[in-house]
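Chemist: Enclosed is the structure file run33.pdb (PDB, C-alpha atoms and all ligand atoms).
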```
ATOM      1  CA  MET A   1      11.749  19.932 -18.778  1.00  0.00           C
ATOM      2  CA  VAL A   2       9.224  21.677 -20.996  1.00  0.00           C
ATOM      3  CA  GLU A   3       7.034  23.971 -18.922  1.00  0.00           C
ATOM      4  CA  HIS A   4       3.839  23.492 -20.882  1.00  0.00           C
ATOM      5  CA  PRO A   5       0.431  22.080 -20.010  1.00  0.00           C
ATOM      6  CA  PHE A   6      -0.161  18.471 -21.019  1.00  0.00           C
ATOM      7  CA  SER A   7      -2.924  15.899 -20.842  1.00  0.00           C
ATOM      8  CA  PHE A   8      -3.180  12.135 -20.607  1.00  0.00           C
ATOM      9  CA  ALA A   9      -5.783   9.404 -20.351  1.00  0.00           C
ATOM     10  CA  ILE A  10      -6.190   7.012 -17.476  1.00  0.00           C
ATOM     11  CA  SER A  11      -8.185   3.817 -17.451  1.00  0.00           C
ATOM     12  CA  PRO A  12      -7.599   0.365 -15.989  1.00  0.00           C
ATOM     13  CA  ALA A  13      -6.601  -0.836 -19.461  1.00  0.00           C
ATOM     14  CA  LEU A  14      -4.294   2.058 -20.236  1.00  0.00           C
ATOM     15  CA  THR A  15      -1.311   2.217 -17.963  1.00  0.00           C
ATOM     16  CA  LEU A  16      -0.014   5.725 -18.596  1.00  0.00           C
ATOM     17  CA  THR A  17       2.754   4.326 -20.786  1.00  0.00           C
ATOM     18  CA  ASP A  18       2.459   7.225 -23.195  1.00  0.00           C
ATOM     19  CA  VAL A  19       3.597   9.756 -20.594  1.00  0.00           C
ATOM     20  CA  ALA A  20       4.983   7.889 -17.586  1.00  0.00           C
ATOM     21  CA  GLU A  21       8.750   7.994 -17.518  1.00  0.00           C
ATOM     22  CA  ARG A  22       9.349   6.190 -14.285  1.00  0.00           C
ATOM     23  CA  LYS A  23       8.423   2.642 -13.393  1.00  0.00           C
ATOM     24  CA  ILE A  24       9.136   1.112 -10.011  1.00  0.00           C
ATOM     25  CA  ILE A  25       8.715  -2.629  -9.531  1.00  0.00           C
ATOM     26  CA  ARG A  26       8.495  -4.053  -6.023  1.00  0.00           C
ATOM     27  CA  ARG A  27       8.843  -7.789  -5.555  1.00  0.00           C
ATOM     28  CA  VAL A  28       7.999  -9.733  -2.429  1.00  0.00           C
ATOM     29  CA  SER A  29      11.728  -9.739  -1.580  1.00  0.00           C
ATOM     30  CA  ASP A  30      11.635  -5.911  -1.421  1.00  0.00           C
ATOM     31  CA  LEU A  31       9.069  -6.207   1.368  1.00  0.00           C
ATOM     32  CA  ARG A  32      11.070  -8.389   3.757  1.00  0.00           C
ATOM     33  CA  ARG A  33      10.649  -6.147   6.775  1.00  0.00           C
ATOM     34  CA  TYR A  34       6.991  -5.453   6.155  1.00  0.00           C
ATOM     35  CA  PHE A  35       5.049  -8.741   6.314  1.00  0.00           C
ATOM     36  CA  ALA A  36       4.548 -10.503   9.647  1.00  0.00           C
ATOM     37  CA  ASP A  37       4.846 -14.104   8.446  1.00  0.00           C
ATOM     38  CA  THR A  38       8.546 -14.235   7.587  1.00  0.00           C
ATOM     39  CA  GLU A  39       8.522 -17.995   6.969  1.00  0.00           C
ATOM     40  CA  SER A  40       5.843 -17.739   4.241  1.00  0.00           C
ATOM     41  CA  LEU A  41       7.649 -14.719   2.813  1.00  0.00           C
ATOM     42  CA  GLU A  42      10.979 -16.526   2.486  1.00  0.00           C
ATOM     43  CA  SER A  43       9.357 -19.550   0.845  1.00  0.00           C
ATOM     44  CA  MET A  44       7.579 -17.285  -1.686  1.00  0.00           C
ATOM     45  CA  ILE A  45      10.917 -15.654  -2.496  1.00  0.00           C
ATOM     46  CA  LYS A  46      12.444 -19.096  -3.103  1.00  0.00           C
ATOM     47  CA  ASP A  47       9.466 -20.043  -5.280  1.00  0.00           C
ATOM     48  CA  GLY A  48      10.034 -17.222  -7.790  1.00  0.00           C
ATOM     49  CA  ASP A  49       9.755 -13.956  -5.882  1.00  0.00           C
ATOM     50  CA  PRO A  50       6.548 -12.593  -7.469  1.00  0.00           C
ATOM     51  CA  VAL A  51       5.937  -8.921  -8.225  1.00  0.00           C
ATOM     52  CA  ALA A  52       3.795  -7.370  -5.490  1.00  0.00           C
ATOM     53  CA  TYR A  53       3.244  -3.960  -7.097  1.00  0.00           C
ATOM     54  CA  GLU A  54       4.331  -1.506  -9.758  1.00  0.00           C
ATOM     55  CA  VAL A  55       4.262   2.272  -9.723  1.00  0.00           C
ATOM     56  CA  LEU A  56       4.244   4.334 -12.906  1.00  0.00           C
ATOM     57  CA  ASP A  57       4.578   8.053 -12.604  1.00  0.00           C
ATOM     58  CA  ILE A  58       5.207  11.292 -14.379  1.00  0.00           C
ATOM     59  CA  PRO A  59       8.248  12.853 -12.747  1.00  0.00           C
ATOM     60  CA  ARG A  60       8.205  16.597 -12.124  1.00  0.00           C
ATOM     61  CA  PRO A  61      10.729  18.860 -10.425  1.00  0.00           C
ATOM     62  CA  GLU A  62      10.498  18.228  -6.685  1.00  0.00           C
ATOM     63  CA  ARG A  63       9.533  21.757  -5.760  1.00  0.00           C
ATOM     64  CA  GLU A  64       6.514  23.484  -4.291  1.00  0.00           C
ATOM     65  CA  GLY A  65       3.823  24.171  -6.886  1.00  0.00           C
ATOM     66  CA  GLU A  66       4.481  21.010  -8.903  1.00  0.00           C
ATOM     67  CA  LEU A  67       2.369  17.830  -8.702  1.00  0.00           C
ATOM     68  CA  ILE A  68       3.439  14.205  -9.208  1.00  0.00           C
ATOM     69  CA  SER A  69       0.770  11.835 -10.508  1.00  0.00           C
ATOM     70  CA  GLY A  70       0.731   8.235 -11.563  1.00  0.00           C
ATOM     71  CA  LEU A  71      -0.661   4.757 -11.218  1.00  0.00           C
ATOM     72  CA  SER A  72      -0.140   2.222  -8.480  1.00  0.00           C
ATOM     73  CA  ILE A  73      -0.802  -1.368  -9.600  1.00  0.00           C
ATOM     74  CA  LEU A  74      -1.003  -3.773  -6.690  1.00  0.00           C
ATOM     75  CA  TYR A  75      -1.281  -7.478  -7.501  1.00  0.00           C
ATOM     76  CA  PRO A  76      -3.554  -9.887  -5.644  1.00  0.00           C
ATOM     77  CA  GLY A  77      -1.841 -12.299  -3.281  1.00  0.00           C
ATOM     78  CA  LEU A  78      -1.147 -13.280   0.302  1.00  0.00           C
ATOM     79  CA  VAL A  79       1.952 -13.647   2.417  1.00  0.00           C
ATOM     80  CA  GLY A  80       0.674 -16.077   5.002  1.00  0.00           C
ATOM     81  CA  ALA A  81      -2.699 -14.571   5.888  1.00  0.00           C
ATOM     82  CA  GLU A  82      -1.668 -11.015   5.052  1.00  0.00           C
ATOM     83  CA  TYR A  83      -2.827  -9.444   1.799  1.00  0.00           C
ATOM     84  CA  PHE A  84      -0.318  -7.972  -0.652  1.00  0.00           C
ATOM     85  CA  MET A  85       0.275  -4.353   0.270  1.00  0.00           C
ATOM     86  CA  THR A  86       2.561  -1.436  -0.510  1.00  0.00           C
ATOM     87  CA  LYS A  87       5.422  -0.493   1.821  1.00  0.00           C
ATOM     88  CA  GLY A  88       3.516   2.539   3.026  1.00  0.00           C
ATOM     89  CA  HIS A  89       5.075   5.813   4.085  1.00  0.00           C
ATOM     90  CA  PHE A  90       4.694   9.236   5.615  1.00  0.00           C
ATOM     91  CA  HIS A  91       5.494  12.140   3.373  1.00  0.00           C
ATOM     92  CA  ALA A  92       8.796  13.625   4.519  1.00  0.00           C
ATOM     93  CA  VAL A  93       7.124  17.039   4.456  1.00  0.00           C
ATOM     94  CA  ARG A  94       4.355  16.147   6.924  1.00  0.00           C
ATOM     95  CA  GLY A  95       2.170  19.055   5.836  1.00  0.00           C
ATOM     96  CA  THR A  96       1.552  17.563   2.375  1.00  0.00           C
ATOM     97  CA  SER A  97      -1.522  15.545   1.394  1.00  0.00           C
ATOM     98  CA  GLU A  98      -2.419  13.112  -1.404  1.00  0.00           C
ATOM     99  CA  LEU A  99      -5.442  12.027  -3.455  1.00  0.00           C
ATOM    100  CA  TYR A 100      -6.110   8.447  -4.566  1.00  0.00           C
ATOM    101  CA  TYR A 101      -8.706   7.575  -7.185  1.00  0.00           C
ATOM    102  CA  CYS A 102      -9.523   3.885  -7.571  1.00  0.00           C
ATOM    103  CA  LEU A 103      -9.820   2.626 -11.138  1.00  0.00           C
ATOM    104  CA  ALA A 104     -10.064  -1.146 -10.666  1.00  0.00           C
ATOM    105  CA  GLY A 105     -10.043  -3.899  -8.103  1.00  0.00           C
ATOM    106  CA  SER A 106     -10.938  -3.828  -4.439  1.00  0.00           C
ATOM    107  CA  GLY A 107      -8.963  -3.028  -1.371  1.00  0.00           C
ATOM    108  CA  LEU A 108      -8.393  -0.378   1.172  1.00  0.00           C
ATOM    109  CA  LEU A 109      -6.132   2.451   2.122  1.00  0.00           C
ATOM    110  CA  LEU A 110      -4.752   2.001   5.625  1.00  0.00           C
ATOM    111  CA  MET A 111      -3.777   5.294   7.271  1.00  0.00           C
ATOM    112  CA  GLU A 112      -2.402   6.458  10.596  1.00  0.00           C
ATOM    113  CA  ASN A 113      -0.978   9.608  12.094  1.00  0.00           C
ATOM    114  CA  GLU A 114       1.693  10.337  14.673  1.00  0.00           C
ATOM    115  CA  GLN A 115      -0.927  11.104  17.314  1.00  0.00           C
ATOM    116  CA  GLY A 116      -1.921   7.420  17.407  1.00  0.00           C
ATOM    117  CA  GLU A 117      -5.087   7.627  15.318  1.00  0.00           C
ATOM    118  CA  TRP A 118      -5.706   5.185  12.468  1.00  0.00           C
ATOM    119  CA  LYS A 119      -8.329   4.907   9.730  1.00  0.00           C
ATOM    120  CA  THR A 120      -9.160   2.738   6.743  1.00  0.00           C
ATOM    121  CA  GLU A 121     -11.037   3.813   3.618  1.00  0.00           C
ATOM    122  CA  ALA A 122     -12.396   1.476   0.948  1.00  0.00           C
ATOM    123  CA  LEU A 123     -10.798   1.481  -2.498  1.00  0.00           C
ATOM    124  CA  THR A 124     -13.322   0.379  -5.109  1.00  0.00           C
ATOM    125  CA  PRO A 125     -13.701   1.696  -8.677  1.00  0.00           C
ATOM    126  CA  GLY A 126     -14.864   5.323  -8.667  1.00  0.00           C
ATOM    127  CA  ARG A 127     -13.956   6.035  -5.039  1.00  0.00           C
ATOM    128  CA  VAL A 128     -11.603   8.835  -4.082  1.00  0.00           C
ATOM    129  CA  VAL A 129      -9.596   8.861  -0.854  1.00  0.00           C
ATOM    130  CA  TYR A 130      -8.138  12.074   0.493  1.00  0.00           C
ATOM    131  CA  VAL A 131      -5.046  11.423   2.582  1.00  0.00           C
ATOM    132  CA  ALA A 132      -4.901  14.391   4.929  1.00  0.00           C
ATOM    133  CA  PRO A 133      -1.528  15.989   5.796  1.00  0.00           C
ATOM    134  CA  GLY A 134       0.411  14.015   8.413  1.00  0.00           C
ATOM    135  CA  TRP A 135      -1.166  10.622   7.688  1.00  0.00           C
ATOM    136  CA  ALA A 136       0.976   7.647   6.627  1.00  0.00           C
ATOM    137  CA  HIS A 137      -0.693   5.579   3.901  1.00  0.00           C
ATOM    138  CA  ARG A 138      -0.524   2.031   2.565  1.00  0.00           C
ATOM    139  CA  SER A 139      -2.685   0.333  -0.111  1.00  0.00           C
ATOM    140  CA  VAL A 140      -3.888  -3.218   0.535  1.00  0.00           C
ATOM    141  CA  ASN A 141      -5.369  -5.465  -2.165  1.00  0.00           C
ATOM    142  CA  THR A 142      -8.142  -7.513  -0.513  1.00  0.00           C
ATOM    143  CA  GLY A 143      -9.361  -8.958  -3.822  1.00  0.00           C
ATOM    144  CA  THR A 144      -8.734 -12.561  -4.743  1.00  0.00           C
ATOM    145  CA  ASP A 145      -7.757 -12.325  -8.406  1.00  0.00           C
ATOM    146  CA  GLU A 146      -7.888  -8.708  -9.579  1.00  0.00           C
ATOM    147  CA  ARG A 147      -5.211  -6.038  -9.550  1.00  0.00           C
ATOM    148  CA  LEU A 148      -5.944  -2.975  -7.395  1.00  0.00           C
ATOM    149  CA  ILE A 149      -5.259   0.028  -9.636  1.00  0.00           C
ATOM    150  CA  THR A 150      -5.254   3.559  -8.246  1.00  0.00           C
ATOM    151  CA  PHE A 151      -4.379   6.929  -9.697  1.00  0.00           C
ATOM    152  CA  PHE A 152      -2.592   9.192  -7.223  1.00  0.00           C
ATOM    153  CA  VAL A 153      -1.589  12.852  -7.097  1.00  0.00           C
ATOM    154  CA  TYR A 154       0.622  14.516  -4.491  1.00  0.00           C
ATOM    155  CA  PRO A 155       2.739  17.673  -4.179  1.00  0.00           C
ATOM    156  CA  ALA A 156       6.125  17.144  -5.830  1.00  0.00           C
ATOM    157  CA  ASN A 157       7.995  18.521  -2.808  1.00  0.00           C
ATOM    158  CA  ALA A 158       6.415  15.945  -0.434  1.00  0.00           C
ATOM    159  CA  GLY A 159       9.329  13.486  -0.309  1.00  0.00           C
ATOM    160  CA  HIS A 160       9.030  10.015   1.268  1.00  0.00           C
ATOM    161  CA  ASP A 161       9.759   8.871   4.799  1.00  0.00           C
ATOM    162  CA  TYR A 162       9.802   5.060   4.553  1.00  0.00           C
ATOM    163  CA  LEU A 163      11.991   4.454   7.584  1.00  0.00           C
ATOM    164  CA  THR A 164       9.382   5.232  10.259  1.00  0.00           C
ATOM    165  CA  ILE A 165       7.002   2.576   8.927  1.00  0.00           C
ATOM    166  CA  GLU A 166       9.751   0.088   8.049  1.00  0.00           C
ATOM    167  CA  GLN A 167      10.980   0.204  11.643  1.00  0.00           C
ATOM    168  CA  ARG A 168       7.770   0.226  13.639  1.00  0.00           C
ATOM    169  CA  GLY A 169       5.104  -0.938  11.156  1.00  0.00           C
ATOM    170  CA  PHE A 170       1.495   0.193  10.950  1.00  0.00           C
ATOM    171  CA  ARG A 171      -0.715  -0.121  14.026  1.00  0.00           C
ATOM    172  CA  LYS A 172      -3.029  -2.432  12.076  1.00  0.00           C
ATOM    173  CA  ARG A 173      -2.521  -5.282   9.639  1.00  0.00           C
ATOM    174  CA  VAL A 174      -5.092  -6.560   7.148  1.00  0.00           C
ATOM    175  CA  VAL A 175      -5.452 -10.333   7.013  1.00  0.00           C
ATOM    176  CA  ASN A 176      -7.614 -12.858   5.217  1.00  0.00           C
ATOM    177  CA  ASP A 177      -9.758 -14.674   7.778  1.00  0.00           C
ATOM    178  CA  ASN A 178     -11.477 -17.474   5.838  1.00  0.00           C
ATOM    179  CA  GLY A 179     -12.094 -15.169   2.886  1.00  0.00           C
ATOM    180  CA  THR A 180     -13.031 -12.074   4.882  1.00  0.00           C
ATOM    181  CA  PRO A 181     -10.622  -9.144   5.361  1.00  0.00           C
ATOM    182  CA  ARG A 182      -9.979  -8.491   9.051  1.00  0.00           C
ATOM    183  CA  LEU A 183      -7.946  -5.913  10.866  1.00  0.00           C
ATOM    184  CA  VAL A 184      -5.604  -7.214  13.533  1.00  0.00           C
ATOM    185  CA  ASP A 185      -3.183  -5.368  15.780  1.00  0.00           C
ATOM    186  CA  GLY A 186       0.185  -4.836  14.177  1.00  0.00           C
ATOM    187  CA  GLY A 187       2.194  -4.984  17.415  1.00  0.00           C
ATOM    188  CA  ALA A 188       4.957  -7.316  18.503  1.00  0.00           C
ATOM    189  CA  ASP A 189       2.659 -10.360  18.731  1.00  0.00           C
ATOM    190  CA  SER A 190       1.265  -9.877  15.218  1.00  0.00           C
ATOM    191  CA  GLN A 191       3.419 -12.624  13.748  1.00  0.00           C
ATOM    192  CA  SER A 192       1.745 -15.257  15.919  1.00  0.00           C
ATOM    193  CA  VAL A 193      -1.737 -13.854  15.228  1.00  0.00           C
ATOM    194  CA  VAL A 194      -1.119 -13.808  11.483  1.00  0.00           C
ATOM    195  CA  SER A 195       0.302 -17.352  11.558  1.00  0.00           C
ATOM    196  CA  ARG A 196      -2.640 -18.602  13.605  1.00  0.00           C
ATOM    197  CA  LEU A 197      -5.072 -17.158  11.068  1.00  0.00           C
ATOM    198  CA  VAL A 198      -3.436 -19.269   8.385  1.00  0.00           C
ATOM    199  CA  GLY A 199      -3.324 -22.305  10.642  1.00  0.00           C
ATOM    200  CA  THR A 200      -0.590 -24.874  10.539  1.00  0.00           C
ATOM    201  CA  PRO A 201      -0.843 -27.435   7.727  1.00  0.00           C
ATOM    202  CA  GLY A 202      -3.200 -30.241   8.680  1.00  0.00           C
ATOM    203  CA  SER A 203      -4.306 -28.632  11.926  1.00  0.00           C
ATOM    204  CA  ASN A 204      -7.401 -26.858  10.597  1.00  0.00           C
ATOM    205  CA  GLN A 205      -7.032 -24.474  13.461  1.00  0.00           C
ATOM    206  CA  ALA A 206      -9.770 -21.864  13.665  1.00  0.00           C
ATOM    207  CA  PRO A 207      -8.731 -18.275  14.353  1.00  0.00           C
ATOM    208  CA  GLU A 208      -9.493 -16.998  17.809  1.00  0.00           C
ATOM    209  CA  LYS A 209     -12.189 -14.393  17.281  1.00  0.00           C
ATOM    210  CA  SER A 210     -11.243 -12.518  20.439  1.00  0.00           C
ATOM    211  CA  GLU A 211      -8.021 -11.503  18.722  1.00  0.00           C
ATOM    212  CA  LEU A 212      -9.744 -10.078  15.676  1.00  0.00           C
ATOM    213  CA  LYS A 213     -10.564  -6.424  15.604  1.00  0.00           C
ATOM    214  CA  THR A 214     -12.503  -4.578  12.980  1.00  0.00           C
ATOM    215  CA  GLN A 215     -13.004  -0.874  12.794  1.00  0.00           C
TER
HETATM  216  C1  LIG B   1       3.496   8.467  -3.153  1.00  0.00           C
HETATM  217  C2  LIG B   1       2.206   7.732  -3.318  1.00  0.00           C
HETATM  218  C3  LIG B   1       2.156   6.456  -4.146  1.00  0.00           C
HETATM  219  C4  LIG B   1       2.959   5.309  -3.586  1.00  0.00           C
HETATM  220  C5  LIG B   1       2.667   3.969  -4.227  1.00  0.00           C
HETATM  221  C6  LIG B   1       3.562   2.855  -3.707  1.00  0.00           C
HETATM  222  O1  LIG B   1       3.551   9.331  -2.278  1.00  0.00           O
HETATM  223  O2  LIG B   1       4.464   8.238  -3.902  1.00  0.00           O
HETATM  224  O3  LIG B   1       1.652   7.505  -2.053  1.00  0.00           O
HETATM  225  O4  LIG B   1       2.592   6.667  -5.388  1.00  0.00           O
HETATM  226  O5  LIG B   1       4.333   5.578  -3.735  1.00  0.00           O
HETATM  227  O6  LIG B   1       1.335   3.629  -3.993  1.00  0.00           O
HETATM  228  O7  LIG B   1       3.594   2.832  -2.305  1.00  0.00           O
HETATM  229  P1  LIG B   1       4.959   2.985  -1.510  1.00  0.00           P
HETATM  230  O8  LIG B   1       5.633   4.227  -2.025  1.00  0.00           O
HETATM  231  O9  LIG B   1       4.562   3.111  -0.080  1.00  0.00           O
HETATM  232  O10 LIG B   1       5.784   1.772  -1.787  1.00  0.00           O
HETATM  233 NI    NI B   2       2.333   9.188  -0.637  1.00  0.00          NI
END
```
Can the structure in the file be given as structure tokens, please?
Modeler:
Amino acid sequence: MVEHPFSFAISPALTLTDVAERKIIRRVSDLRRYFADTESLESMIKDGDPVAYEVLDIPRPEREGELISGLSILYPGLVGAEYFMTKGHFHAVRGTSELYYCLAGSGLLLMENEQGEWKTEALTPGRVVYVAPGWAHRSVNTGTDERLITFFVYPANAGHDYLTIEQRGFRKRVVNDNGTPRLVDGGADSQSVVSRLVGTPGSNQAPEKSELKTQ
């Protein structure tokens, strides 16, 4: 790799294609263990398995002193009542942080640490979110028809720990409650809460407000 400075442009219209060498595409089927409503998920997979998000980045040697930057492009959509979201992860090196800069769309960054604290920050164009060391992070697109596009930068030696989140999930889930994003508990009963928020076809069941929690 050439060890020289370089520059690039970012904008919602320009997707880093001039410099990005890596493109990751995640379809709904790649997120099987992440969404609560497994029935809706399986029927979406049968109906064409849409792309949930793409990540474009500029690879750098994975060593201290280097930075990896790129774009995360999260499509709008719902699995049951749950908005499209990224897998989410801790950095394997817990002491590393990350910056997100929102270019387009609307959503939030859901974060939690291993001490049991959680936090959400809004992602709207122009906003920057600083993910402090030790905080797992997941982007959620709460928009109805726009892609959520963020530019991210993190230390190249950070690494990814996906397993912790894949196995136990985030403490909170973000669901669409009649058009309004709501946070609900992500525990063992979350599947029933998420299903109830969608309602069963023809039942017109209203969500039980007592089960909804906002920050
Ligand atoms: C990272 C960044 C970011 C992230 C994407 C997709 O550390 O790599 O947080 O680029 O990878 O937003 O999210 P997932 O990696 O959780 O699927
Ligand atoms: Ni990260």
Chemist: Throw together the list of residues within 9 Å of ligand NI 2 (chain B), counting only C-alpha atoms and all ligand atoms, and drop it here as number ranges by chain.
Modeler: A: 88-91, 96-99, 131, 136-138, 152-154, 158-160
Chemist: I need the residue nearest Ala122 of chain A from this list: A:Leu108, A:Glu146, A:Lys87, A:Trp135. Use only C-alpha atoms for the distance.
Modeler: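 Ranking A:Leu108, A:Glu146, A:Lys87, A:Trp135 by distance to Ala122 of chain A, first place goes to A:Leu108.
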Chemist: In Å, with one decimal, what is the gap from atom CA of Pro61 of chain A to atom CA of Gly134 of chain A?
Modeler: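 The value is 22.0 Å.
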Chemist: Which one is closest to ligand LIG 1 (chain B): A:Met111, A:Leu78, A:Ala36, A:Ile10? Count all atoms listed in the file.
Modeler: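 Of A:Met111, A:Leu78, A:Ala36, A:Ile10, the one nearest ligand LIG 1 (chain B), counting all atoms listed in the file, is A:Met111.
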Chemist: Kindly resolve the PyMOL selection byres (((chain A and resi 25) around 8) and not hetatm) on the present coordinates and return the residues as a ChimeraX atom specification.
Modeler: /A:23-24,26-27,51-55
Chemist: Based on the selection just made, write C-alpha atoms of those residues as a CSV table (one decimal), in the coordinates of the input.
Modeler:
```
chain,number,residue,atom,x,y,z
A,23,LYS,CA,8.4,2.6,-13.4
A,24,ILE,CA,9.1,1.1,-10.0
A,26,ARG,CA,8.5,-4.1,-6.0
A,27,ARG,CA,8.8,-7.8,-5.6
A,51,VAL,CA,5.9,-8.9,-8.2
A,52,ALA,CA,3.8,-7.4,-5.5
A,53,TYR,CA,3.2,-4.0,-7.1
A,54,GLU,CA,4.3,-1.5,-9.8
A,55,VAL,CA,4.3,2.3,-9.7
```
Chemist: Kindly provide, as lines of an AutoDock Vina configuration file, the centre and edge lengths (Å, one decimal) of an axis-aligned box around all atoms of ligand LIG 1 (chain B) given in the file, with 4 Å on each side.
Modeler:
```
center_x = 3.6
center_y = 5.6
center_z = -2.7
size_x = 12.4
size_y = 15.6
size_z = 13.3
```
Chemist: State, in Å with one decimal place, the distance from atom CA of Glu39 of chain A to atom CA of Asn176 of chain A.
Modeler: 17.0 Å
Chemist: Rounded to one decimal, what separation in Å do you get between atom CA of Val174 of chain A and atom CA of Gly186 of chain A?
Modeler: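 Computing the Euclidean distance for atom CA of Val174 of chain A and atom CA of Gly186 of chain A yields 9.0 Å.
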Chemist: Give the answer as one residue: which of A:Asn157, A:Ser106, A:Gln115, A:Thr144 has the shortest atom-to-atom distance to ligand LIG 1 (chain B), using only C-alpha atoms and all ligand atoms?
Modeler: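 Checking each of A:Asn157, A:Ser106, A:Gln115, A:Thr144 against ligand LIG 1 (chain B), counting only C-alpha atoms and all ligand atoms, the winner is A:Asn157.
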Chemist: Using only C-alpha atoms, which of the listed residues (A:Leu56, A:Glu82, A:Ser69, A:Asp177) sits closest to Glu21 of chain A?
Modeler: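 Selected residue with least distance to Glu21 of chain A: A:Leu56.
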Chemist: With the file shown as input, list the residues that the PyMOL selection byres (((chain A and resi 29) around 12) and not hetatm) selects, as a PyMOL selection string.
Modeler: chain A and resi 25-28+30-35+38+40-53+79+87
Chemist: Evaluate the PyMOL selection byres (((chain A and resi 171) around 12) and not hetatm) against this structure - the residues, as a PyMOL selection string, please.
Modeler: chain A and resi 110-120+136-138+165+167-170+172-174+183-190+213
Chemist: Out of A:Phe151, A:Gly80, A:Arg127, A:Ile73, which residue has the shortest atom-to-atom distance to Asp37 of chain A when counting only C-alpha atoms?
Modeler: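 Checking each candidate against Asp37 of chain A, we get A:Gly80 as the closest.
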Chemist: Please determine, counting only C-alpha atoms, which residue among A:Ala92, A:Leu163, A:Ala156, A:Ala81 has the shortest atom-to-atom distance to Asp57 of chain A.
Modeler: A:Ala156
Chemist: Skip Gly105 of chain A itself and residues of its chain fewer than 2 positions away, then list as a list in words all residues within 10 Å of it, counting all atoms listed in the file.
Modeler: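 Counting all atoms listed in the file, the residues come to Pro12, Ile73, Leu74, Tyr75, Pro76, Cys102, Leu103, Gly107, Leu123, Thr124, Pro125, Asn141, Thr142, Gly143, Thr144, Asp145, Glu146, Arg147, Leu148, Ile149 and Thr150 of chain A.
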